[in-house]
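These notes are about the structure you will find just below.
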Amino acid sequence: MRKLIAILFVLTVALAGSAARAVQPDEIMSDPVKESRARDLSRELRCMVCQNQSIDDSEAPLARDLRLLVRERIAAGDSEALVIDFLVARYGEFVLLKPRLKPQTLLLWLLPPLALVGGGFALWIHSRRRSRSVAPDPALLKLTADEQARLERLIAAEPSADKAV
């Protein structure tokens with residue numbers, strides 16, 4: 001048990017530290033407030049190489065260039081919105097991990113809730129149809145005279161559980 005806990009601890013530390021290694025020491029700004037702003041922005045921007053990682057987590061050279069560009073713009077005095085607008089103008093909306101709510105992205109934002117509601121509605125319809133078809137016909141539950149006689153013969157011919165013990 002102790003070995004399992006030790007292994008889990010080592011894995012957790014190794015995985016938690018991997019994302020922090022993406023930002024190199026020479027990238028870090030001297031002003032902690034600006035560095036915090038840069039890190040927050042870097043978590044919102046997609047690495048164009050990795051495509052499912054933020055540039056803050058990615059070790060790709062392009063992600064490093066984007067992190068440096070973000071820090072350069074912040075050092076020049078740009079706000080977060082200006083930095084994001086600059087990067088969107090340069091790389092397109094794909095650079096954002098969370099796309100903006102616009103007419104072009106409306107389907108992207110509405111499709112998951114609509115799919116969830118549609119799936120729930122389909123399950124509700126299915127359960128209603130199934131509950132109607134499950135009710136058995138009472139005529140099918142009654143045995144015919146031949147079936148009843150055969151059942152009685154089988155029960156009489158079956159050895160009792162008391163004799164087997």
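Letters A, B, ... mark the chains of the structure tokens in the order given; residue numbers begin at 1 per chain; ligand numbers begin at 1, in order shown.
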
So which bits of chain A end up strand (DSSP E or B) when you DSSP the backbone, as a PyMOL selection string?
chain A and resi 45-46+54+96

Contacts of Arg67 in chain A at 9 Å or less, counting only C-alpha atoms, minus same-chain residues fewer than 5 places along, as a ChimeraX atom specification?
/A:23,27,38-39,41-42,55-56,62,72

Just to be explicit: take each residue in the selection above, keep N, CA and C atoms, and write the result as a tab-separated table (two decimals), in the first residue's frame.
```tsv
chain	number	residue	atom	x	y	z
A	23	VAL	N	7.30	27.50	-19.55
A	23	VAL	CA	7.77	28.89	-19.51
A	23	VAL	C	9.22	28.87	-19.02
A	27	GLU	N	12.11	34.00	-20.06
A	27	GLU	CA	10.87	34.64	-20.53
A	27	GLU	C	10.18	35.44	-19.42
A	38	ALA	N	0.61	38.23	-18.06
A	38	ALA	CA	1.11	37.46	-19.21
A	38	ALA	C	0.76	35.99	-19.06
A	39	ARG	N	0.89	35.44	-17.88
A	39	ARG	CA	0.56	34.02	-17.66
A	39	ARG	C	-0.93	33.78	-17.85
A	41	LEU	N	-2.98	35.51	-19.75
A	41	LEU	CA	-3.23	35.56	-21.20
A	41	LEU	C	-2.72	34.32	-21.90
A	42	SER	N	-1.57	33.83	-21.50
A	42	SER	CA	-0.98	32.66	-22.13
A	42	SER	C	-1.85	31.42	-21.93
A	55	ILE	N	-0.53	28.12	-24.86
A	55	ILE	CA	0.89	28.43	-25.09
A	55	ILE	C	1.64	28.43	-23.77
A	56	ASP	N	0.93	28.57	-22.66
A	56	ASP	CA	1.56	28.53	-21.35
A	56	ASP	C	2.04	27.12	-21.02
A	62	LEU	N	7.04	27.66	-31.44
A	62	LEU	CA	6.06	28.69	-31.77
A	62	LEU	C	5.35	29.20	-30.52
A	72	GLU	N	5.98	41.00	-24.64
A	72	GLU	CA	6.44	42.23	-25.30
A	72	GLU	C	5.31	43.25	-25.39
```

Counting only C-alpha atoms, the option among A:Pro99, A:Cys50, A:Met29, A:Ser58 closest to Arg73 in chain A
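Answer, going by the shortest atom-to-atom distance: A:Met29.
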
For Ala63 in chain A, which residue among A:Ala145, A:Leu45, A:Ala139, A:Ile84 is the nearest when counting only C-alpha atoms?
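Ranking A:Ala145, A:Leu45, A:Ala139, A:Ile84 by distance to Ala63 in chain A, first place goes to A:Leu45.
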
Could you check how far CA of Gln53 in chain A sits from CA of Asp40 in chain A, in Å to one decimal?
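Distance between the two atoms: 13.9 Å.
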
Two-atom distance - CA of Lys102 in chain A, CA of Ala115 in chain A (Å)
19.6 Å

Pull the alpha helix (DSSP H) assignments for chain A out of DSSP run on the backbone, and list those residues as a PyMOL selection string.
chain A and resi 2-20+32-44+61-75+80-91+106-134+138-141+145-157+161-164

Nearest residue to Glu59 in chain A from the set A:Leu8, A:Trp109, A:Cys47, A:Ala75 (distances using only C-alpha atoms):
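That would be A:Cys47, the residue with the smallest distance to Glu59 in chain A.
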
Nearest to Pro32 in chain A among A:Thr144, A:Leu107, A:Arg71, A:Asp85, with distances taken over only C-alpha atoms: which residue is it?
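Counting only C-alpha atoms, the residue closest to Pro32 in chain A is A:Arg71.
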
One decimal, in Å: what's the spacing between CA of Val70 in chain A and CA of Arg46 in chain A?
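Taking CA of Val70 in chain A and CA of Arg46 in chain A, their separation equals 12.6 Å.
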